[in-house]
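Data block for final-v1.csv (CSV, C-alpha atoms and all ligand atoms):
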chain,number,residue,atom,x,y,z
Z,17,SER,CA,17.6,-34.9,-1.6
Z,18,GLY,CA,14.0,-33.8,-1.2
Z,19,SER,CA,12.1,-30.7,-2.3
Z,20,PRO,CA,13.7,-27.3,-1.8
Z,21,VAL,CA,12.3,-25.2,1.0
Z,22,VAL,CA,12.9,-21.6,0.0
Z,23,LEU,CA,12.7,-18.6,2.3
Z,24,GLY,CA,12.0,-15.4,0.5
Z,25,VAL,CA,12.8,-12.0,2.0
Z,26,GLU,CA,11.3,-8.7,0.8
Z,27,SER,CA,12.2,-5.2,2.1
Z,28,SER,CA,12.3,-2.9,-0.9
Z,29,CYS,CA,9.7,-0.4,0.4
Z,30,ASP,CA,7.5,-0.3,3.5
Z,31,GLU,CA,6.6,-4.0,3.8
Z,32,THR,CA,8.8,-6.4,5.7
Z,33,GLY,CA,7.9,-9.8,4.1
Z,34,PHE,CA,9.1,-13.4,4.7
Z,35,GLY,CA,7.5,-16.2,2.8
Z,36,ILE,CA,8.3,-19.9,2.5
Z,37,VAL,CA,7.7,-21.8,-0.8
Z,38,SER,CA,8.4,-25.4,-1.8
Z,39,ASP,CA,7.9,-26.8,-5.3
Z,40,GLY,CA,5.7,-23.8,-6.3
Z,41,VAL,CA,3.5,-24.1,-3.3
Z,42,LEU,CA,3.3,-21.3,-0.7
Z,43,LEU,CA,3.7,-23.0,2.8
Z,44,GLY,CA,3.3,-19.8,4.9
Z,45,GLN,CA,4.3,-16.2,5.3
Z,46,GLY,CA,4.8,-13.3,7.7
Z,47,LEU,CA,4.2,-9.6,6.8
Z,48,ALA,CA,4.8,-6.4,8.7
Z,49,SER,CA,4.1,-2.9,7.4
Z,50,SER,CA,5.4,0.5,8.4
Z,51,ALA,CA,2.8,2.2,6.3
Z,52,ALA,CA,1.2,3.8,9.3
Z,53,GLN,CA,4.5,5.4,10.3
Z,54,HIS,CA,4.7,7.1,6.9
Z,55,ALA,CA,1.1,8.3,6.8
Z,56,GLU,CA,1.8,11.8,8.2
Z,57,PHE,CA,4.4,12.4,5.5
Z,58,GLY,CA,2.2,11.4,2.6
Z,59,GLY,CA,4.7,8.9,1.3
Z,60,VAL,CA,7.4,6.4,2.4
Z,61,VAL,CA,10.3,7.9,4.3
Z,62,PRO,CA,13.3,5.7,3.5
Z,63,GLU,CA,15.0,6.0,6.9
Z,64,ILE,CA,11.8,5.2,8.8
Z,65,ALA,CA,11.2,2.2,6.5
Z,66,ALA,CA,14.8,0.9,7.1
Z,67,ARG,CA,14.5,1.2,10.9
Z,68,ALA,CA,11.1,-0.6,10.8
Z,69,HIS,CA,12.5,-3.4,8.7
Z,70,LEU,CA,15.3,-3.8,11.2
Z,71,GLU,CA,12.9,-4.1,14.1
Z,72,ALA,CA,10.4,-6.3,12.3
Z,73,ALA,CA,12.8,-8.7,10.7
Z,74,VAL,CA,13.2,-11.4,13.3
Z,75,PRO,CA,9.6,-11.4,14.6
Z,76,THR,CA,8.2,-11.5,11.1
Z,77,LEU,CA,10.5,-14.4,10.2
Z,78,ARG,CA,9.2,-16.2,13.2
Z,79,ILE,CA,5.6,-15.6,12.1
Z,80,ALA,CA,6.4,-17.0,8.6
Z,81,LEU,CA,8.1,-20.1,10.1
Z,82,ALA,CA,5.2,-20.8,12.4
Z,83,ASP,CA,2.6,-20.1,9.6
Z,84,ALA,CA,4.4,-22.6,7.4
Z,85,GLY,CA,5.0,-25.2,10.2
Z,86,VAL,CA,8.6,-25.2,9.3
Z,87,GLU,CA,11.7,-25.1,11.5
Z,88,ALA,CA,14.5,-22.7,10.5
Z,89,ARG,CA,16.8,-25.8,10.0
Z,90,ASP,CA,14.4,-27.1,7.3
Z,91,ILE,CA,15.2,-24.1,5.0
Z,92,THR,CA,17.3,-25.2,2.1
Z,93,HIS,CA,17.7,-21.9,0.2
Z,94,VAL,CA,17.3,-18.2,0.9
Z,95,ALA,CA,16.2,-15.6,-1.7
Z,96,ALA,CA,16.0,-11.8,-1.1
Z,97,THR,CA,15.1,-8.7,-3.0
Z,98,SER,CA,18.3,-7.1,-4.3
Z,99,GLY,CA,16.5,-4.3,-6.1
Z,100,PRO,CA,14.9,-2.2,-7.3
Z,101,GLY,CA,13.8,-0.3,-4.2
Z,102,LEU,CA,14.7,2.2,-1.6
Z,103,ALA,CA,18.4,1.6,-1.0
Z,104,THR,CA,18.3,1.7,2.8
Z,105,ALA,CA,15.3,-0.6,2.9
Z,106,VAL,CA,16.7,-3.1,0.5
Z,107,HIS,CA,20.0,-3.2,2.5
Z,108,VAL,CA,18.2,-4.3,5.7
Z,109,GLY,CA,16.4,-7.2,4.2
Z,110,LEU,CA,19.3,-8.4,2.1
Z,111,ALA,CA,21.6,-8.3,5.2
Z,112,ALA,CA,19.0,-10.2,7.2
Z,113,ALA,CA,18.8,-12.8,4.4
Z,114,LYS,CA,22.6,-13.1,4.3
Z,115,SER,CA,22.7,-13.7,8.1
Z,116,VAL,CA,20.1,-16.5,7.8
Z,117,ALA,CA,21.9,-18.1,4.8
Z,118,TRP,CA,25.2,-17.9,6.5
Z,119,ALA,CA,23.9,-19.3,9.8
Z,120,LEU,CA,22.1,-22.2,8.1
Z,121,ASP,CA,24.9,-22.6,5.5
Z,122,VAL,CA,22.5,-22.6,2.6
Z,123,PRO,CA,22.7,-20.8,-0.8
Z,124,LEU,CA,21.5,-17.2,-1.3
Z,125,TYR,CA,19.8,-15.8,-4.4
Z,126,GLY,CA,19.3,-12.1,-5.1
Z,127,VAL,CA,15.9,-11.6,-6.7
Z,128,HIS,CA,14.6,-8.8,-8.9
Z,129,HIS,CA,11.6,-7.2,-7.2
Z,130,LEU,CA,9.6,-7.1,-10.5
Z,131,ALA,CA,10.2,-10.8,-11.2
Z,132,GLY,CA,8.9,-11.3,-7.7
Z,133,HIS,CA,5.7,-9.5,-8.5
Z,134,ALA,CA,5.2,-11.6,-11.6
Z,135,ALA,CA,6.0,-14.8,-9.8
Z,136,ALA,CA,3.4,-14.1,-7.1
Z,137,ASP,CA,0.7,-15.2,-9.6
Z,138,THR,CA,2.3,-18.7,-10.0
Z,139,LEU,CA,1.6,-19.3,-6.3
Z,140,GLU,CA,-2.1,-18.9,-7.0
Z,141,HIS,CA,-2.5,-20.1,-10.6
Z,142,GLY,CA,0.5,-22.4,-11.3
Z,143,PRO,CA,3.3,-22.0,-13.8
Z,144,LEU,CA,3.0,-19.2,-16.4
Z,145,PRO,CA,2.4,-20.2,-20.0
Z,146,GLU,CA,5.4,-20.3,-22.4
Z,147,ARG,CA,4.9,-16.6,-23.2
Z,148,SER,CA,2.6,-14.0,-21.6
Z,149,ILE,CA,2.1,-10.3,-21.2
Z,150,VAL,CA,2.6,-9.0,-17.7
Z,151,LEU,CA,1.3,-5.6,-16.6
Z,152,ILE,CA,3.2,-4.5,-13.5
Z,153,VAL,CA,1.4,-1.7,-11.6
Z,154,SER,CA,3.0,-0.7,-8.3
Z,155,GLY,CA,4.1,2.3,-6.4
Z,156,GLY,CA,7.4,2.5,-8.3
Z,157,HIS,CA,6.6,0.9,-11.6
Z,158,THR,CA,4.1,0.8,-14.5
Z,159,SER,CA,5.4,-1.5,-17.1
Z,160,ILE,CA,4.2,-3.8,-19.8
Z,161,LEU,CA,6.5,-6.8,-20.1
Z,162,ALA,CA,6.6,-9.8,-22.4
Z,163,VAL,CA,7.8,-12.7,-20.2
Z,164,GLY,CA,8.7,-16.3,-20.5
Z,165,ASP,CA,9.7,-18.6,-17.6
Z,166,LEU,CA,10.8,-15.6,-15.4
Z,167,VAL,CA,14.2,-17.4,-14.8
Z,168,ARG,CA,16.1,-18.0,-18.0
Z,169,ASP,CA,14.1,-16.2,-20.7
Z,170,PRO,CA,14.9,-12.5,-20.9
Z,171,ILE,CA,12.1,-10.1,-19.8
Z,172,GLU,CA,11.2,-7.8,-22.6
Z,173,HIS,CA,10.1,-4.2,-21.6
Z,174,LEU,CA,7.5,-3.1,-24.1
Z,175,GLY,CA,6.7,0.1,-22.3
Z,176,ASP,CA,7.0,2.0,-19.1
Z,177,THR,CA,5.7,5.3,-17.6
Z,178,LEU,CA,7.2,8.6,-18.6
Z,179,ASP,CA,6.5,10.1,-15.2
Z,180,ASP,CA,4.5,8.8,-12.2
Z,181,ALA,CA,3.9,5.2,-11.6
Z,182,ALA,CA,0.2,4.2,-11.4
Z,183,GLY,CA,0.4,3.6,-7.7
Z,184,GLU,CA,2.2,6.9,-7.2
Z,185,ALA,CA,-0.6,8.6,-9.0
Z,186,PHE,CA,-3.1,6.9,-6.5
Z,187,ASP,CA,-0.9,8.1,-3.6
Z,188,LYS,CA,-0.6,11.7,-4.9
Z,189,VAL,CA,-4.3,12.1,-5.7
Z,190,SER,CA,-5.1,10.6,-2.4
Z,191,ARG,CA,-3.0,13.2,-0.7
Z,192,LEU,CA,-4.6,16.0,-2.5
Z,193,LEU,CA,-8.1,14.7,-1.7
Z,194,GLY,CA,-7.0,14.4,2.0
Z,195,LEU,CA,-7.4,10.7,2.0
Z,196,GLY,CA,-4.0,9.8,3.4
Z,197,TYR,CA,-1.3,7.1,2.6
Z,198,PRO,CA,-1.2,4.5,1.2
Z,199,GLY,CA,-3.4,6.1,-1.4
Z,200,GLY,CA,-4.6,3.1,-3.4
Z,201,PRO,CA,-6.8,1.5,-0.8
Z,202,ALA,CA,-8.0,4.9,0.4
Z,203,ILE,CA,-9.1,6.0,-3.1
Z,204,SER,CA,-10.8,2.6,-3.7
Z,205,ARG,CA,-12.7,2.9,-0.5
Z,206,ALA,CA,-13.8,6.5,-1.3
Z,207,ALA,CA,-14.6,5.5,-4.9
Z,208,VAL,CA,-17.1,2.8,-4.0
Z,209,ASP,CA,-19.8,5.5,-3.5
Z,210,GLY,CA,-18.8,7.6,-6.4
Z,211,ASP,CA,-19.8,8.0,-10.0
Z,212,PRO,CA,-16.9,7.0,-12.3
Z,213,GLN,CA,-18.5,9.1,-15.1
Z,214,ALA,CA,-18.9,12.3,-13.0
Z,215,PHE,CA,-15.7,13.8,-14.2
Z,216,THR,CA,-13.9,13.2,-17.5
Z,217,PHE,CA,-10.3,13.1,-16.6
Z,218,PRO,CA,-7.6,12.8,-19.3
Z,219,ARG,CA,-6.5,9.4,-20.7
Z,220,ALA,CA,-2.9,10.1,-21.8
Z,221,LEU,CA,-1.2,8.6,-24.9
Z,222,LEU,CA,-4.2,6.8,-26.3
Z,223,ARG,CA,-4.1,8.3,-29.8
Z,224,PRO,CA,-2.9,6.1,-32.7
Z,225,LYS,CA,0.3,8.1,-33.1
Z,226,ASP,CA,1.2,7.8,-29.4
Z,227,ALA,CA,3.7,5.2,-28.2
Z,228,PRO,CA,1.5,2.2,-27.9
Z,229,PHE,CA,2.7,0.8,-24.6
Z,230,THR,CA,3.9,4.0,-22.8
Z,231,PHE,CA,2.1,5.5,-19.9
Z,232,SER,CA,1.9,9.0,-18.4
Z,233,PHE,CA,-0.1,9.8,-15.3
Z,234,SER,CA,1.2,13.3,-14.3
Z,235,GLY,CA,-1.3,15.1,-16.5
Z,236,LEU,CA,-4.1,13.1,-14.9
Z,237,LYS,CA,-2.9,14.1,-11.4
Z,238,THR,CA,-2.7,17.7,-12.4
Z,239,ALA,CA,-6.2,17.6,-13.9
Z,240,VAL,CA,-7.5,16.3,-10.6
Z,241,ALA,CA,-5.7,19.0,-8.7
Z,242,ARG,CA,-7.1,21.7,-11.0
Z,243,THR,CA,-10.6,20.3,-10.5
Z,244,VAL,CA,-10.3,20.4,-6.7
Z,245,GLU,CA,-8.8,23.9,-6.8
Z,246,LYS,CA,-11.6,25.2,-9.0
Z,247,LEU,CA,-14.3,23.8,-6.8
Z,248,GLU,CA,-12.6,25.2,-3.7
Z,249,ARG,CA,-12.1,28.6,-5.2
Z,250,ALA,CA,-15.8,28.7,-6.1
Z,251,GLY,CA,-16.7,27.7,-2.6
Z,252,GLU,CA,-18.3,24.5,-3.7
Z,253,PRO,CA,-18.1,21.2,-1.9
Z,254,VAL,CA,-15.5,18.8,-3.3
Z,255,PRO,CA,-17.3,15.5,-4.3
Z,256,VAL,CA,-14.5,13.3,-3.1
Z,257,ALA,CA,-16.2,10.0,-4.0
Z,258,ASP,CA,-17.0,11.1,-7.5
Z,259,ILE,CA,-13.5,12.4,-8.1
Z,260,ALA,CA,-12.0,9.3,-6.7
Z,261,ALA,CA,-14.2,7.1,-8.9
Z,262,SER,CA,-13.5,9.1,-12.0
Z,263,PHE,CA,-9.8,9.2,-11.4
Z,264,GLU,CA,-9.7,5.5,-10.8
Z,265,GLN,CA,-11.7,4.9,-14.0
Z,266,ALA,CA,-9.3,7.0,-16.0
Z,267,VAL,CA,-6.2,5.0,-14.7
Z,268,VAL,CA,-7.9,1.7,-15.2
Z,269,ASP,CA,-9.1,2.5,-18.7
Z,270,VAL,CA,-5.5,3.3,-19.9
Z,271,LEU,CA,-3.9,0.4,-18.1
Z,272,VAL,CA,-6.3,-2.2,-19.5
Z,273,THR,CA,-6.4,-0.7,-23.0
Z,274,LYS,CA,-2.6,-0.8,-23.4
Z,275,ALA,CA,-2.2,-4.2,-21.8
Z,276,LEU,CA,-4.8,-5.8,-24.1
Z,277,ARG,CA,-3.2,-4.1,-27.1
Z,278,ALA,CA,0.1,-5.8,-26.1
Z,279,VAL,CA,-1.5,-9.2,-25.8
Z,280,ARG,CA,-3.1,-8.8,-29.3
Z,281,GLU,CA,0.0,-7.4,-31.0
Z,282,ARG,CA,2.1,-10.4,-29.7
Z,283,SER,CA,-0.6,-12.9,-30.7
Z,284,LEU,CA,-0.6,-14.2,-27.1
Z,285,ASP,CA,-3.6,-15.4,-25.1
Z,286,THR,CA,-2.7,-14.6,-21.5
Z,287,LEU,CA,-2.5,-11.3,-19.6
Z,288,VAL,CA,-1.1,-11.3,-16.0
Z,289,ILE,CA,-1.6,-8.2,-13.8
Z,290,VAL,CA,0.5,-7.9,-10.7
Z,291,GLY,CA,1.8,-5.3,-8.3
Z,292,GLY,CA,0.1,-3.3,-5.6
Z,293,VAL,CA,-2.4,-1.6,-7.9
Z,294,ALA,CA,-3.6,-5.0,-9.1
Z,295,ALA,CA,-5.3,-5.2,-5.7
Z,296,ASN,CA,-7.7,-2.5,-7.0
Z,297,ALA,CA,-11.2,-3.8,-7.4
Z,298,ARG,CA,-12.2,-1.6,-10.4
Z,299,LEU,CA,-9.0,-2.7,-12.3
Z,300,ARG,CA,-9.8,-6.3,-11.6
Z,301,ALA,CA,-13.4,-6.0,-12.7
Z,302,VAL,CA,-12.7,-4.0,-15.9
Z,303,ALA,CA,-9.8,-6.2,-16.9
Z,304,GLN,CA,-11.9,-9.3,-16.4
Z,305,ASP,CA,-14.8,-7.9,-18.6
Z,306,ARG,CA,-12.5,-6.8,-21.4
Z,307,CYS,CA,-10.5,-10.0,-21.4
Z,308,ASP,CA,-13.6,-12.1,-21.4
Z,309,ALA,CA,-14.9,-10.1,-24.4
Z,310,ALA,CA,-11.5,-10.6,-26.2
Z,311,GLY,CA,-11.1,-14.3,-25.4
Z,312,ILE,CA,-8.0,-13.6,-23.4
Z,313,THR,CA,-7.1,-15.5,-20.2
Z,314,LEU,CA,-6.7,-13.1,-17.3
Z,315,ARG,CA,-4.5,-14.0,-14.3
Z,316,ILE,CA,-4.4,-11.7,-11.2
Z,317,PRO,CA,-3.1,-13.0,-7.9
Z,318,PRO,CA,-5.4,-12.4,-4.8
Z,319,PRO,CA,-4.9,-8.9,-3.3
Z,320,ARG,CA,-2.6,-10.1,-0.5
Z,321,LEU,CA,-0.1,-11.4,-3.1
Z,322,CYS,CA,-0.4,-8.2,-5.3
Z,323,THR,CA,1.1,-5.9,-2.8
Z,324,ASP,CA,4.7,-6.4,-1.6
Z,325,ASN,CA,5.3,-9.7,0.3
Z,326,GLY,CA,8.0,-12.3,0.9
Z,327,ALA,CA,6.1,-15.2,-0.7
Z,328,MET,CA,6.6,-13.7,-4.2
Z,329,ILE,CA,10.4,-13.5,-3.6
Z,330,ALA,CA,10.4,-17.1,-2.3
Z,331,ALA,CA,8.5,-18.1,-5.5
Z,332,VAL,CA,11.3,-16.7,-7.7
Z,333,GLY,CA,13.9,-18.4,-5.5
Z,334,ASP,CA,12.1,-21.7,-5.8
Z,335,LEU,CA,12.0,-21.3,-9.6
Z,336,LEU,CA,15.7,-20.5,-9.7
Z,337,VAL,CA,16.5,-23.5,-7.5
Z,338,ARG,CA,14.5,-25.9,-9.6
Z,339,SER,CA,16.1,-24.5,-12.8
Z,340,ASP,CA,19.5,-25.2,-11.4
Z,341,VAL,CA,20.5,-21.5,-11.6
Z,342,GLU,CA,23.8,-20.7,-9.7
Z,343,PRO,CA,23.2,-18.9,-6.4
Z,344,SER,CA,24.3,-15.3,-6.0
Z,345,GLY,CA,26.5,-16.0,-3.0
Z,346,LEU,CA,26.9,-14.1,0.3
Z,347,ARG,CA,28.9,-11.2,-1.3
Z,348,ILE,CA,26.0,-10.0,-3.4
Z,349,ALA,CA,25.4,-6.3,-3.3
Z,350,ALA,CA,22.1,-4.5,-3.3
Z,351,ASP,CA,21.1,-3.0,-6.7
Z,352,PRO,CA,18.5,-0.4,-5.6
Z,353,SER,CA,18.2,1.1,-9.1
Z,354,ALA,CA,18.0,-2.2,-11.0
Z,355,VAL,CA,15.9,-1.8,-14.1
Z,401,LIG,O1,3.7,-3.4,-5.1
Z,401,LIG,P1,3.5,-2.5,-4.0
Z,401,LIG,O2,3.0,-3.0,-2.7
Z,401,LIG,O3,4.9,-1.7,-3.7
Z,401,LIG,C1,5.7,-1.3,-4.7
Z,401,LIG,O4,6.5,-2.2,-5.2
Z,401,LIG,O5,5.6,-0.1,-5.0
Z,401,LIG,O6,2.6,-1.3,-4.5
Z,401,LIG,C2,2.2,-0.2,-3.7
Z,401,LIG,C3,1.3,0.7,-4.4
Z,401,LIG,C4,1.0,1.9,-3.7
Z,401,LIG,O7,1.2,3.0,-4.5
Z,401,LIG,C5,-0.5,1.7,-3.3
Z,401,LIG,O8,-1.2,3.0,-3.2
Z,401,LIG,C6,-1.0,0.9,-4.4
Z,401,LIG,O9,0.1,0.0,-4.7
Z,401,LIG,N1,-2.2,0.1,-4.1
Z,401,LIG,C7,-3.4,0.3,-4.7
Z,401,LIG,C8,-4.3,-0.6,-4.0
Z,401,LIG,N2,-3.6,-1.2,-3.0
Z,401,LIG,C9,-2.3,-0.8,-3.1
Z,401,LIG,N3,-3.7,1.1,-5.7
Z,401,LIG,C10,-5.0,1.0,-6.1
Z,401,LIG,N4,-6.0,0.3,-5.5
Z,401,LIG,C11,-5.6,-0.5,-4.4
Z,401,LIG,N5,-6.6,-1.3,-3.8
Z,402,ZN,ZN,6.4,-4.0,-5.3
Take the structure in the file and write it out as structure tokens.
Amino acid sequence: SGSPVVLGVESSCDETGFGIVSDGVLLGQGLASSAAQHAEFGGVVPEIAARAHLEAAVPTLRIALADAGVEARDITHVAATSGPGLATAVHVGLAAAKSVAWALDVPLYGVHHLAGHAAADTLEHGPLPERSIVLIVSGGHTSILAVGDLVRDPIEHLGDTLDDAAGEAFDKVSRLLGLGYPGGPAISRAAVDGDPQAFTFPRALLRPKDAPFTFSFSGLKTAVARTVEKLERAGEPVPVADIAASFEQAVVDVLVTKALRAVRERSLDTLVIVGGVAANARLRAVAQDRCDAAGITLRIPPPRLCTDNGAMIAAVGDLLVRSDVEPSGLRIAADPSAV
């Protein structure tokens, strides 16, 4: 038989993604977002996301097939996010994936969303080295992982966030600055004209006695809120660009410091940064500078592969197929709170 042609399905949050990958190569993808429908609520509304996935599924699959120049009958395997994510949202994509797998009579794999984020980078930069440190920064997660092949090697969690995820911090600060949802892109746009040194916001858990790979962003969010309140109470204008830039700098500082610490402590030479926040220009620039200075190879996928998409799920499916891992089967349940 020839190369596998793997369809990946992603629906864990507000992006409906289908991607098609063969032998580690991205053939094409389709992506729909319900972000605009959540904007007035300042965050993702699970029922609205689920309804949007249901409506977008077939048209977006069609776009992916056309983009890849592939017929549905050419698909040899289907992979879908089984968790973690919003339960109602995961269910819609997983059900869609089951329908396709059943109709085409091909194997189905459930994929861990975070493995998907990490695998996204392989579509751009090829297979990961034997061991690397992966910093995952998204709306739901902020974790430092030690990873191997993403398929058979266990993923080791070195540290997570105690409270808000990095992306969540961007979303909350964006809301309190009146910049809307999703907050990451809005803050970055506002920050372009700002001075990152204008305000000194707290960098949590950076003292030697603190947990080396653990994050906390709720204090930072509160500090930004206090600053805004104080200015408003004094009747002074709120310098949105400066606050956005200073907030962004504080987040980036902590993320890069702890990720590089993990690379050094494990005597590794590669840092991979993935997840929606990895689309952030300041994070990309600061990480590149500090990795260059430390002689560490930095891998970050292009922004469109950082945020949720189907291609990254197809990338994991393709790795599973090529490693001869047993498929999950059509009875697989969603695991929305998977860790
Ligand atoms: O990975 P992702 O698309 O979905 C989750 O798995 O959560 O990440 C979404 C998060 C949101 O919080 C969004 O505000 C953030 O990624 N984000 C960014 C940027 N683009 C998206 N944060 C900072 N800068 C960006 N350019
Ligand atoms: Zn994600």
*asked:* Residues contacting ligand LIG 401 (chain Z) - anything with an atom at most 6 Å away, using only C-alpha atoms and all ligand atoms - can you give me those as a PyMOL selection string?
replied: chain Z and resi 154-156+183-184+186-187+198-201+204+291-293+295-296+323-324
*Got a sec to check which residues sit within 9 Å of (-17.6, 10.6, -5.6), counting all atoms listed in the file, and write them as a list in words?*
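With a cut-off of 9 Å, the residues come to Ala206, Ala207, Val208, Asp209, Gly210, Asp211, Pro212, Ala214, Val254, Pro255, Val256, Ala257, Asp258, Ile259, Ala260, Ala261 and Ser262 of chain Z.
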*Looking at Z:Glu342, Z:Glu252, Z:Asp180, Z:Asp30, which one is nearest to Ala55 of chain Z, with distances taken over all atoms listed in the file?*
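Ranked by minimum distance to Ala55 of chain Z, first place goes to Z:Asp30.
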*Could you tell me, counting all atoms listed in the file, which protein and nucleic acid residues lie no more than 12 Å from ligand ZN 402 (chain Z), written as a count of residues only?*
49
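Proximity ranking of Z:Pro170, Z:Ala73, Z:Ala113, Z:Pro20 relative to Asp90 of chain Z places Z:Pro20 first, based on only C-alpha atoms.
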Would you list the contacts of Leu120 of chain Z as a JSON list (two decimals) with C-alpha atoms, keeping the file's coordinate frame, taking every protein, DNA or RNA residue within 7 Å and counting all atoms listed in the file, but skipping same-chain residues closer than 3 positions in sequence?
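Saved result, out-v7.json, follows:
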[["chain", "number", "residue", "atom", "x", "y", "z"],
["Z", 89, "ARG", "CA", 16.80, -25.80, 10.00],
["Z", 116, "VAL", "CA", 20.10, -16.50, 7.80],
["Z", 117, "ALA", "CA", 21.90, -18.10, 4.80]]
*Kindly give the distance, in Å, that separates atom CA of Leu151 of chain Z and atom CA of Ser353 of chain Z, rounded to a single decimal.*
19.7 Å
_Show me the residues around (-0.6, -16.0, -28.6) - criterion: an atom at most 12 Å away, all atoms listed in the file counted - as a list in words._
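The residues near that point, listed by chain and number, are Pro145, Glu146, Arg147, Ser148, Ile149, Ala162, Leu276, Ala278, Val279, Arg280, Glu281, Arg282, Ser283, Leu284, Asp285, Thr286, Leu287, Gly311, Ile312 and Thr313 of chain Z.
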*Calculate how many Å separate atom CA of Ala331 of chain Z from atom CA of Ala202 of chain Z, rounding to one decimal.*
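Here the two named atoms are 28.9 Å from each other.
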*12 Å contact set for Ala112 of chain Z, only C-alpha atoms, chain neighbours under 2 positions out, as a PyMOL selection string*: chain Z and resi 23-27+32-34+66+69-74+76-77+94-98+105-110+114-119+124+346
*Within 12 Å of Ala301 of chain Z using only C-alpha atoms, minus same-chain residues under 5 positions, as a ChimeraX atom specification*: /Z:265,268-269,272,294-296,306-308,314,316
